[in-house]
Amino acid sequence: MEIRFEKREVLKEKPTGALGFGKYETDYMFVMDYDDGKWHDARIVPYGPIEFDPASMVLHYAQETFEGMKAYKAKDGRVLLFRPEMNARRFINSNKRLSMPIIEEKDFIQAVEELVRVEKDWIPTGEGESLYIRPYMFATEKAIGVHPANSYKFIVICSPVGAYYPEGVNPVKIYVEDEYVRATVGGTGFTKCGGNYAGSLAAQVKAEELGYTQVLWLDGVHRKYVEEVGSMNVMFEVNNTIITAPTDGTVLPGVTRDSILHILRDWGYKVEEKHFAIDDLMKAGHDGSLQEAWGTGTAAVISPIGELYFKGDIVTINDFKTGELTQKIYDTLTGIQWGDLEDKYGWTYEV
Ligand code: COI
């Protein structure tokens with residue numbers, strides 16, 4: 001794929017101090033258009049507002065998908081991506097489900113890689129900091145009738161980030177949601193589409209009003225089985241076995257999830273990808289067999305769970321402290337991602 005480059009006159013000031021998450025944008029963005037069945041005009045241009053028609057179909061029927069990945073600067077100066085082919089493949093699956101065009105794996109990776117190369121000075125190097133990369137696609141055809149659009153934009157933007165949650169890698173309090181659901185069988189739960197997140201906000205607002213950081217989602221059919229936590233996958237250590245929901249349609253197939261399960265199996269842990277009932281989880285919390293719990297995702301990496309609230313019942317996990325295993329997984333995974341530890345799995349991708 002040929003990518004045109006349009007230089008910016010004046011570069012922006014880089015932020016100083018705590019970065020937070022997603023507050024700053026870099027100097028450039030990647031843009032490509034889809035019309036008449038073909039992607040065309042791939043370009044890296046100065047970051048800035050884009051123009052599209054007020055009738056663009058994404059604004060009515062929400063054909064929008066996205067990805068989340070990070071670039072890391074290793075101490076020896078190497079710029080690393082982490083398993084970018086996993087994001088490229090998931091993006092294809094999301095786009096197919098939303099009747100949107102696909103981007104070939106090699107073109108997706110090239111777009112990300114070339115943008116990161118241009119923006120390498122924006123990769124922050126403080127503890128836990130990285131360059132968050134947000135590829136996304138949306139429908140631009142101007143039409144009000146409901147049908148798959150015939151024109152789209154694919155854009156990649158970048159943002160230097162620190163911790164996702166203000167808590168950092170410290171335990172959070174979780175509200176088990178028993179009113180709203182995030183996904184159901186046959187729906188879009190396995191995709192990364194904006195609509196999944198829009199639908200989840202009411203529960204998040206409710207949880208925050210009640211003093212919790214995030215919600216634990218139950219399945220949409222039985223309202224019984226544990227699926228995800230906030231916008232992350234979730235794992236529990238019960239009697240030295242790791243339990244997590246299977247990726248059979250309603251749960252996002254997380255890159256961090258897959259990597260952690262790999263590492264845990266490699267360490268000799270028994271891992272069960274199964275439907276785990278909330279009642280059994282709360283029971284394990286009370287009888288002491290629930291040892292640790294954590295959420296996993298690209299943005300926050302690992303977020304330990306310190307407390308669960310479900311219908312008046314409260315369980316505290318590991319005395320509301322970050323567990324030994326949670327910390328060891330965090331250190332190992334981030335050690336590989338930042339290029340500090342040997343990458344025996346071949347997951348890092350040098351830009
Ligand atoms: C993740 O990377 O864990 C997420 O899905 C969060 C993102 C939507 C900010």
# chains A, B, ... in the order shown; residues from 1 in each chain; ligands from 1

$ residues_around --residues "segment 228-245 of chain A" --least-positions-apart "2" --cutoff "6 Å" --atoms "only C-alpha atoms" --output "number ranges by chain"
A: 214-217, 270-275, 289-297

$ residues_around --residues "segment 17-21 of chain A" --least-positions-apart "6" --cutoff "8 Å" --atoms "only C-alpha atoms" --output "count of residues only"
6

$ closest_atom_pairs --of "chain A" --to "ligand 1" --cutoff "12 Å" --atoms "only C-alpha atoms and all ligand atoms" --output "tab-separated table"
residue	atom	partner	partner_atom_place_in_ligand_line	distance
A:Gly20	CA	ligand 1	9 (C)	11.9
A:Phe21	CA	ligand 1	9 (C)	8.3
A:Gly22	CA	ligand 1	9 (C)	8.3
A:Lys23	CA	ligand 1	9 (C)	11.8
A:Thr65	CA	ligand 1	8 (C)	11.1
A:Phe66	CA	ligand 1	8 (C)	8.8
A:Glu67	CA	ligand 1	5 (O)	8.1
A:Gly68	CA	ligand 1	2 (O)	5.5
A:Met69	CA	ligand 1	2 (O)	7.2
A:Lys70	CA	ligand 1	2 (O)	9.2
A:Asn87	CA	ligand 1	2 (O)	11.0
A:Tyr132	CA	ligand 1	2 (O)	9.1
A:Ile133	CA	ligand 1	2 (O)	10.0
A:Arg134	CA	ligand 1	9 (C)	9.1
A:Pro135	CA	ligand 1	8 (C)	11.7
A:Tyr136	CA	ligand 1	8 (C)	11.7
A:Ser159	CA	ligand 1	9 (C)	11.4
A:Val161	CA	ligand 1	9 (C)	10.9
A:Ala163	CA	ligand 1	9 (C)	11.1
A:Tyr164	CA	ligand 1	9 (C)	7.7
A:Tyr165	CA	ligand 1	9 (C)	10.2
A:Phe190	CA	ligand 1	5 (O)	11.7
A:Thr191	CA	ligand 1	5 (O)	10.7
A:Lys192	CA	ligand 1	5 (O)	7.9
A:Cys193	CA	ligand 1	8 (C)	9.7
A:Gly194	CA	ligand 1	8 (C)	8.9
A:Gly195	CA	ligand 1	8 (C)	11.5
A:Asn196	CA	ligand 1	8 (C)	10.0
A:Tyr197	CA	ligand 1	8 (C)	7.6
A:Ala198	CA	ligand 1	8 (C)	10.8
A:Ser200	CA	ligand 1	8 (C)	11.2
A:Leu201	CA	ligand 1	8 (C)	11.7
A:Glu228	CA	ligand 1	3 (O)	10.8
A:Val229	CA	ligand 1	3 (O)	9.9
A:Gly230	CA	ligand 1	6 (C)	8.5
A:Ser231	CA	ligand 1	5 (O)	4.9
A:Met232	CA	ligand 1	3 (O)	5.0
A:Asn233	CA	ligand 1	3 (O)	7.9
A:Val234	CA	ligand 1	3 (O)	10.7
A:Val251	CA	ligand 1	5 (O)	11.6
A:Leu252	CA	ligand 1	5 (O)	8.8
A:Pro253	CA	ligand 1	5 (O)	10.6
A:Gly254	CA	ligand 1	3 (O)	8.0
A:Val255	CA	ligand 1	2 (O)	9.1
A:Thr256	CA	ligand 1	3 (O)	8.3
A:Arg257	CA	ligand 1	3 (O)	9.8
A:Gly295	CA	ligand 1	3 (O)	8.6
A:Thr296	CA	ligand 1	3 (O)	6.6
A:Gly297	CA	ligand 1	3 (O)	3.3
A:Thr298	CA	ligand 1	2 (O)	3.7
A:Ala299	CA	ligand 1	2 (O)	3.7
A:Ala300	CA	ligand 1	3 (O)	5.9
A:Val301	CA	ligand 1	3 (O)	7.0
A:Ile302	CA	ligand 1	3 (O)	8.9
A:Ser303	CA	ligand 1	3 (O)	9.8

$ write_last_selection --atoms "C-alpha atoms" --output "compact mmCIF listing (two decimals), in the first residue's frame"
# COMPACT_ATOMS: atom_id res chain seq x y z
CA GLY A 20 -3.68 10.34 32.21
CA PHE A 21 -5.45 8.41 29.46
CA GLY A 22 -6.39 9.74 26.03
CA LYS A 23 -6.08 13.45 26.78
CA THR A 65 -15.65 -0.29 14.72
CA PHE A 66 -12.33 0.32 16.41
CA GLU A 67 -9.20 -1.22 17.83
CA GLY A 68 -6.90 -0.38 20.73
CA MET A 69 -3.18 -1.11 20.77
CA LYS A 70 0.03 0.40 22.13
CA ASN A 87 -5.73 -6.50 16.39
CA TYR A 132 -2.00 4.37 22.69
CA ILE A 133 -3.04 3.70 19.09
CA ARG A 134 -6.66 3.95 18.04
CA PRO A 135 -7.53 2.62 14.57
CA TYR A 136 -11.22 3.01 13.69
CA SER A 159 -2.27 9.43 22.16
CA VAL A 161 -0.88 7.69 27.83
CA ALA A 163 -2.52 4.80 33.73
CA TYR A 164 -6.07 4.14 32.49
CA TYR A 165 -7.67 4.18 35.91
CA PHE A 190 -17.32 -10.26 20.39
CA THR A 191 -16.71 -7.16 18.26
CA LYS A 192 -15.13 -3.86 19.13
CA CYS A 193 -17.89 -1.57 17.93
CA GLY A 194 -18.81 1.79 19.42
CA GLY A 195 -22.39 0.63 20.02
CA ASN A 196 -21.28 -1.94 22.61
CA TYR A 197 -19.69 0.84 24.62
CA ALA A 198 -22.61 3.28 24.22
CA SER A 200 -22.70 0.02 28.58
CA LEU A 201 -22.56 3.60 29.83
CA GLU A 228 -16.59 -9.10 31.51
CA VAL A 229 -15.67 -6.30 33.86
CA GLY A 230 -16.27 -2.78 32.53
CA SER A 231 -14.56 -2.77 29.13
CA MET A 232 -12.14 -5.53 30.11
CA ASN A 233 -11.99 -9.33 30.22
CA VAL A 234 -12.06 -10.76 33.72
CA VAL A 251 -17.09 -11.76 25.14
CA LEU A 252 -14.37 -9.70 23.46
CA PRO A 253 -11.39 -11.85 22.44
CA GLY A 254 -8.84 -9.67 24.19
CA VAL A 255 -5.19 -9.65 23.14
CA THR A 256 -4.18 -9.14 26.78
CA ARG A 257 -6.57 -11.94 27.80
CA GLY A 295 -9.57 -7.38 34.75
CA THR A 296 -7.37 -7.47 31.62
CA GLY A 297 -7.23 -5.10 28.66
CA THR A 298 -4.84 -3.15 26.48
CA ALA A 299 -5.61 0.19 28.10
CA ALA A 300 -5.21 -0.72 31.78
CA VAL A 301 -3.22 -3.98 31.24
CA ILE A 302 -4.32 -5.46 34.59
CA SER A 303 -6.76 -4.05 37.08

$ select_by_dssp --residues "segment 120-327 of chain A" --states "strand (DSSP E)" --output "PyMOL selection string"
chain A and resi 130-139+152-161+172-176+214-218+226-229+232-238+241-244+270-273+290-297+301-310+313-316

$ residues_around --residues "Pro49 of chain A" --least-positions-apart "4" --cutoff "12 Å" --atoms "only C-alpha atoms" --output "PyMOL selection string"
chain A and resi 25+28-29+31+45+155+157

$ residues_around --residues "Thr316 of chain A" --least-positions-apart "6" --cutoff "8 Å" --atoms "only C-alpha atoms" --output "ChimeraX atom specification"
/A:285,306-308

$ closest_residue --among "A:Glu2, A:Asp35, A:Asp248, A:Asp279" --to "Ala111 of chain A" --atoms "only C-alpha atoms"
A:Glu2

$ closest_residue --among "A:Ala62, A:Tyr349, A:Asp331, A:Val118" --to "Gly199 of chain A" --atoms "only C-alpha atoms"
A:Ala62

$ select_by_dssp --residues "segment 22-264 of chain A" --states "alpha helix (DSSP H)" --output "PyMOL selection string"
chain A and resi 58-61+84-97+105-118+194-198+201-209+255-264

$ closest_residue --among "A:Tyr345, A:Tyr330, A:Trp122, A:Phe138" --to "Tyr24 of chain A" --atoms "only C-alpha atoms"
A:Trp122
